[in-house]
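Enquirer: One structure, pasted below without further comment.
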Amino acid sequence: AFGLGLCALRQLLDRTSFLPLGCAGMKLPTSTKIQEVSEAVESASDEASVKMKSELAKLIKIRDALRLKFCEACWRATMYALMITIGYQSLREKAWWFPNVKEAFSDLGNGPVEKDITLYYALSLGFYFQLLIYMFVETRRDDFWEMMTHHLVTIYLISVSWAFKEHRIGSLILLVHDVADPFLELAKIFNYMKPARPWSDDVSTVFFVGFMVSFAVLRLFVYPYYIVRTCQIEVPQYVGCQVCLVVLQGLHIYWFYLICKVAFTKVFFGDLNDVRERDSMWDKKKWAEIQVHAMKNTSKNK
C-alpha cells in the first residue's frame with residue numbers, strides 16, 4: 001500500500017512541482033514554443049530546413065529526457081532526505097546506535113517494535129517497491145541489472161528482518177545506505193542546470209564531492225566493518241541474509257569504481273556527467289540557431 005501511495009504522490013509532485021521547477025531551472029522551452037518552432041521549420045523543404053528538422057528532433061528527445069531525469073532526481077532527493085531525517089531521529093538515542101552495533105542482537109526477536117522504527121520501515125519498504133516499479137518507466141541506465149539486483153536484495157532484507165524482528169540491525173543498514181544518496185541526486189539536479197546556469201557547475205561539484213566522501217566512508221568502511229562483520233559474528237545461521245549483505249557490498253565496490261571514473265573525468269576533462277547515462281545535455285546554441293531559422297521561414301511565408 002505504501003508503495004502504491006508513493007507512486008501516486010510522485011505523479012502529483014512531478015506535475016505540480018518538479019516539472020515546472022525543472023523547466024525553469026534548466027530554461028527549457030515550453031511545449032507551446034516547441035510546437036511553434038516545429039511548425040515553422042516543417043513548412044520549408046530546402047536543404048537547411050531538412051537539417052534543422054533533424055536537429056530539432058534530437059533536441060526534443062533530449063528535452064524530454066532531461067525533464068524526466070530532473071523529476072527523478074528531485075523525487076529521490078526529497079524521499080532520501082525524509083527517510084534520513086526519520087531514521088536518524090528514530091535511532092540516535094537507541095542502545096544499538098553506532099558504535100554499539102552488537103547491542104542490536106541482544107534479546108533478538110523479542111519485545112514490541114517501536115512506532116518510530118515501524119514508520120521508518122514502512123516508508124523504506126514502500127519507497128524501494130516504488131523504485132522497483134519505476135525502473136521500467138524511468139531513464140534506463142547502463143547499470144540497470146545491478147540496480148535491479150540492489151532493489152530486490154534490499155526489499156528481501158527489509159521484509160525478512162521485519163518478519164523475524166531483526167529491525168534493529170535492519171534500520172541501521174537502511175540509514176547507512178540512505179545518507180550518501182541525497183548528495184548524488186542534488187549533484188545531478190545542478191548538473192542538469194549547467195548549460196542554462198553556469199554557476200550550478202560548481203554547486204554540482206561540491207555535492208558530488210560530498211557524495212563521493214560519504215559513499216566511501218559509509219558503504220566501504222562503516223557498512224562492511226560495523227554491519228557485515230557484526231552480522232557474521234552474531235547471527236551466522238542466517239545464511240540467506242549474509243549472502244545478500246555481501247552482494248550489496250559487491251555492488252558498492254562496483255559503483256565506487258564508476259564514481260571514481262566520474263571524478264577522473266571531472267578532474268582531467270572538466271565534465272561532471274553520470275557515466276551510466278547516454279543522453280546529451282541541452283544545447284542552447286543549437287536551439288537558438290533553430291529558432292532563428294524558424295523565424296526566417298515564418299517571415300518568408302508571410
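Labels for the C-alpha cells follow display order: chains A, B, ..., residues from 1 in each chain, ligands from 1.
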Near stretch 155-162 of chain A, within 10 Å and counting only C-alpha atoms, which residues show up once chain neighbours fewer than 3 positions away are dropped, as JSON, numbers by chain?
Expert: {"A": [109, 113, 118, 121, 122, 124, 125, 126, 127, 128, 129, 132, 149, 150, 151, 152, 165, 166, 167, 168, 169, 170, 171, 173, 174, 240, 241, 242, 244, 245]}
Enquirer: Which residues come within 7 Å of stretch 203-207 of chain A, counting only C-alpha atoms, excluding same-chain residues fewer than 6 positions away, as a list of chain:residue names?
Expert: A:Phe183, A:Leu184, A:Leu186, A:Ala187, A:Lys188, A:Phe190, A:Asn191
Enquirer: Create the file for the chosen residues now, containing C-alpha atoms and written as a PDB file, in the first residue's frame.
Expert:
ATOM      1  CA  PHE A 183      24.240  14.295  -2.355  1.00  0.00           C
ATOM      2  CA  LEU A 184      24.177  12.359  -5.642  1.00  0.00           C
ATOM      3  CA  LEU A 186      21.425  17.145  -5.747  1.00  0.00           C
ATOM      4  CA  ALA A 187      24.630  16.906  -7.812  1.00  0.00           C
ATOM      5  CA  LYS A 188      22.524  15.648 -10.730  1.00  0.00           C
ATOM      6  CA  PHE A 190      22.511  21.184 -10.539  1.00  0.00           C
ATOM      7  CA  ASN A 191      24.435  19.391 -13.294  1.00  0.00           C
TER       8      ASN A 191
END
Enquirer: Excluding stretch 42-56 of chain A and residues on its chain fewer than 4 positions from it, collect all residues at most 7 Å away from it, counting only C-alpha atoms, and give them as a compact mmCIF listing (two decimals) with all heavy atoms, in the first residue's frame.
Expert:
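Contents of out.txt, freshly written:
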# COMPACT_ATOMS: atom_id res chain seq x y z
N SER A 38 8.56 24.07 -34.42
CA SER A 38 8.45 22.87 -35.24
C SER A 38 7.60 23.13 -36.48
O SER A 38 7.97 22.71 -37.59
CB SER A 38 7.84 21.73 -34.42
OG SER A 38 7.72 20.56 -35.19
N ILE A 60 14.35 17.82 -29.11
CA ILE A 60 13.09 17.47 -28.43
C ILE A 60 13.28 16.21 -27.60
O ILE A 60 12.81 16.11 -26.46
CB ILE A 60 11.96 17.29 -29.46
CG1 ILE A 60 11.62 18.63 -30.12
CG2 ILE A 60 10.73 16.68 -28.81
CD1 ILE A 60 10.62 18.52 -31.25
N ILE A 290 18.11 27.12 -34.39
CA ILE A 290 16.85 26.61 -34.94
C ILE A 290 15.76 27.67 -34.85
O ILE A 290 14.96 27.84 -35.78
CB ILE A 290 16.43 25.32 -34.20
CG1 ILE A 290 17.44 24.21 -34.47
CG2 ILE A 290 15.03 24.88 -34.62
CD1 ILE A 290 17.21 22.95 -33.65
N ASN A 297 11.89 31.46 -41.79
CA ASN A 297 10.87 30.74 -42.56
C ASN A 297 9.51 31.39 -42.41
O ASN A 297 8.73 31.50 -43.38
CB ASN A 297 10.79 29.27 -42.12
CG ASN A 297 11.93 28.43 -42.69
OD1 ASN A 297 12.66 28.90 -43.55
ND2 ASN A 297 12.10 27.23 -42.17
Enquirer: Stretch 81-172 of chain A near stretch 255-271 of chain A within 12 Å: what's each residue's closest atom pair and its distance in Å to one decimal, counting only C-alpha atoms, ordered by chain then ascending residue number, as a tab-separated table?
Expert:
residue	atom	partner	partner_atom	distance
A:Asp142	CA	A:Leu258	CA	10.9
A:Asp143	CA	A:Trp255	CA	9.0
A:Glu146	CA	A:Trp255	CA	9.3
A:Met147	CA	A:Trp255	CA	10.0
A:His150	CA	A:Trp255	CA	11.3
Enquirer: With distances taken over only C-alpha atoms, which of A:Val217, A:Cys231, A:Leu66, A:Leu59 is nearest to A:Met26?
Expert: A:Leu66
Enquirer: Would you please work out which residue, of A:Pro224, A:Gly5, A:Pro236, A:Gly22, is nearest to A:Lys69 when using only C-alpha atoms?
Expert: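 Of A:Pro224, A:Gly5, A:Pro236, A:Gly22, the one nearest A:Lys69, counting only C-alpha atoms, is A:Gly22.
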